Number of protein chains: 2
Amino acid sequence: MKAKKGNDKGLFMNPIGYVRTEARELPKHCSISQVEGDLVLEDRYRDGMEGIKPGDRIVVLFAFHESPPFSPEYLKQHPRGDLRRKKQGVFHLCSPLRPNPIGLSVVDVLGVSETVIRVKGIDMRDGTPILDIKPERMFEKQG
Amino acid sequence: MKAKKGNDKGLFMNPIGYVRTEARELPKHCSISQVEGDLVLEDRYRDGMEGIKPGDRIVVLFAFHESPPFSPEYLKQHPRGDLRRKKQGVFHLCSPLRPNPIGLSVVDVLGVSETVIRVKGIDMRDGTPILDIKPERMFEKQG
């Protein structure tokens, strides 16, 4: 449903939809992904899609819903799980093992139909809960 | 504490820290902000900062903690509250009024000390809860 404030400090979030893809082998990162798939929104959010069109790039915030609970041992991790690489802080990495397991991908819109956004650049697993969609123009630094 | 799965569909998140800034007038968007401030992390997350250094650009996910609860009337909004502009879908906008009130800003790291990251590009209010920090290189499309 709608987002609720759990208490002064916490925040409870419900997905607005989910990722649908037939791909079972996914690249480790959206920046190198050519995988296509669908962002399937709940019907009640349909009006929220207005303005999104093919050619747009959008930011998808999603839940790493299959990650184990975070624990202090994950504060430093080997980049991409490569043991040969020196451990770095989790906030300097894109690892799915994070204190708040929010993932972020930038994808290209191929088409929009009803409550489905067809995109290219998927690096999320089939069934991944979507938390938010934002325009990618947010990242253009002007100053 | 750590992020917990509320149920199959929802996700509960606790802040990892908060934004500290003396600025009371903030630009509407990080892309045009020159405002400086601090990202103050909780002490237990200190190791997670390893690798972050001056000159980096980082993505900050935060809670729009002062937004009212979302309701369907907000599915379409005037961009930046400008009534002269045609309403658009919330997922095509950066509005703080969102089904899941997660904000996103890209900021420049000026310095790192203890659990504090000094940054430029603040568009969040003083006291804003921080949910996650990610490297900005995530947004570089290569394919």
# chains A, B, ... in the order shown; residues from 1 in each chain; ligands from 1
$ residues_around --residues "Glu114 of chain A" --least-positions-apart "6" --cutoff "12 Å" --atoms "only C-alpha atoms" --output "PyMOL selection string"
chain A and resi 38-50+52
$ residues_around --residues "segment 129-134 of chain B" --least-positions-apart "2" --cutoff "7 Å" --atoms "only C-alpha atoms" --output "JSON, numbers by chain"
{"A": [91, 92, 93, 94, 100], "B": [14, 15, 16, 17, 18, 19, 58, 59, 60, 61, 62, 63, 127, 136]}
$ atom_distance --atom1 "atom CA of Val90 of chain A" --atom2 "atom CA of Val116 of chain B"
15.4 Å
$ select_by_dssp --residues "chain A" --states "strand (DSSP E)" --output "PyMOL selection string"
chain A and resi 11-13+17-20+36-41+57-63+76-77+88-89+102-113+116-120+129-135
$ closest_residue --among "B:Lys87, B:Asp56, B:Arg137, B:Gln77" --to "Ser105 of chain A" --atoms "only C-alpha atoms"
B:Arg137
$ closest_residue --among "A:Val35, A:Val109, A:Met13, A:Ala23" --to "Ile122 of chain A" --atoms "only C-alpha atoms"
A:Val35
$ atom_distance --atom1 "atom CA of Thr115 of chain A" --atom2 "atom CA of Phe64 of chain B"
25.4 Å
$ atom_distance --atom1 "atom CA of Thr21 of chain B" --atom2 "atom CA of Gly51 of chain B"
23.4 Å
$ decode --residues "segment 68-91 of chain B" --atoms "N, CA, C and O atoms" --output "short mmCIF file (atom, residue, chain, number, x, y, z; two decimals), in the first residue's frame"
data_model
loop_
_atom_site.label_atom_id
_atom_site.label_comp_id
_atom_site.auth_asym_id
_atom_site.auth_seq_id
_atom_site.Cartn_x
_atom_site.Cartn_y
_atom_site.Cartn_z
N PRO B 68 4.03 14.27 3.43
CA PRO B 68 2.79 13.65 3.92
C PRO B 68 2.61 12.27 3.28
O PRO B 68 3.26 11.96 2.28
N PRO B 69 1.77 11.43 3.85
CA PRO B 69 1.54 10.11 3.25
C PRO B 69 1.06 10.24 1.81
O PRO B 69 0.35 11.20 1.47
N PHE B 70 1.43 9.30 0.99
CA PHE B 70 1.03 9.34 -0.42
C PHE B 70 -0.45 9.01 -0.54
O PHE B 70 -0.98 8.19 0.20
N SER B 71 -1.09 9.68 -1.49
CA SER B 71 -2.47 9.31 -1.81
C SER B 71 -2.65 9.45 -3.32
O SER B 71 -1.86 10.11 -3.99
N PRO B 72 -3.69 8.81 -3.88
CA PRO B 72 -3.83 8.75 -5.34
C PRO B 72 -3.84 10.11 -6.02
O PRO B 72 -3.46 10.23 -7.19
N GLU B 73 -4.25 11.15 -5.30
CA GLU B 73 -4.27 12.48 -5.93
C GLU B 73 -2.88 12.94 -6.35
O GLU B 73 -2.73 13.85 -7.16
N TYR B 74 -1.86 12.31 -5.79
CA TYR B 74 -0.49 12.69 -6.13
C TYR B 74 0.09 11.86 -7.28
O TYR B 74 1.27 12.00 -7.60
N LEU B 75 -0.70 10.99 -7.88
CA LEU B 75 -0.17 10.18 -8.99
C LEU B 75 0.27 11.06 -10.15
O LEU B 75 1.21 10.75 -10.87
N LYS B 76 -0.45 12.16 -10.36
CA LYS B 76 -0.02 13.16 -11.34
C LYS B 76 0.19 14.47 -10.62
O LYS B 76 -0.64 14.88 -9.80
N GLN B 77 1.28 15.12 -10.92
CA GLN B 77 1.62 16.37 -10.24
C GLN B 77 2.18 17.38 -11.24
O GLN B 77 2.74 17.01 -12.27
N HIS B 78 2.01 18.65 -10.90
CA HIS B 78 2.65 19.70 -11.70
C HIS B 78 4.15 19.66 -11.43
O HIS B 78 4.56 19.68 -10.26
N PRO B 79 4.98 19.63 -12.47
CA PRO B 79 6.43 19.61 -12.24
C PRO B 79 6.87 20.77 -11.36
O PRO B 79 6.51 21.93 -11.61
N ARG B 80 7.60 20.44 -10.32
CA ARG B 80 8.11 21.41 -9.34
C ARG B 80 7.02 22.32 -8.77
O ARG B 80 7.27 23.47 -8.40
N GLY B 81 5.79 21.82 -8.76
CA GLY B 81 4.69 22.58 -8.17
C GLY B 81 4.25 23.77 -8.98
O GLY B 81 3.47 24.60 -8.51
N ASP B 82 4.73 23.86 -10.22
CA ASP B 82 4.42 25.00 -11.09
C ASP B 82 3.09 24.73 -11.81
O ASP B 82 3.02 23.91 -12.73
N LEU B 83 2.04 25.46 -11.38
CA LEU B 83 0.70 25.18 -11.88
C LEU B 83 0.57 25.43 -13.38
O LEU B 83 -0.37 24.96 -14.01
N ARG B 84 1.51 26.22 -13.94
CA ARG B 84 1.44 26.49 -15.38
C ARG B 84 1.90 25.31 -16.20
O ARG B 84 1.67 25.24 -17.41
N ARG B 85 2.59 24.40 -15.54
CA ARG B 85 3.11 23.24 -16.29
C ARG B 85 2.14 22.07 -16.18
O ARG B 85 1.54 21.82 -15.14
N LYS B 86 2.03 21.34 -17.28
CA LYS B 86 1.10 20.21 -17.37
C LYS B 86 1.48 19.13 -16.36
O LYS B 86 2.65 18.83 -16.17
N LYS B 87 0.47 18.56 -15.74
CA LYS B 87 0.72 17.48 -14.79
C LYS B 87 1.38 16.28 -15.47
O LYS B 87 1.08 15.97 -16.62
N GLN B 88 2.26 15.64 -14.72
CA GLN B 88 2.92 14.44 -15.23
C GLN B 88 2.87 13.37 -14.15
O GLN B 88 2.62 13.64 -12.98
N GLY B 89 3.16 12.14 -14.56
CA GLY B 89 3.15 11.04 -13.61
C GLY B 89 4.28 11.17 -12.60
O GLY B 89 5.37 11.65 -12.92
N VAL B 90 4.01 10.74 -11.39
CA VAL B 90 4.99 10.88 -10.31
C VAL B 90 6.29 10.14 -10.63
O VAL B 90 7.38 10.58 -10.22
N PHE B 91 6.20 9.07 -11.42
CA PHE B 91 7.42 8.31 -11.75
C PHE B 91 8.22 8.97 -12.87
O PHE B 91 9.30 8.49 -13.24
#
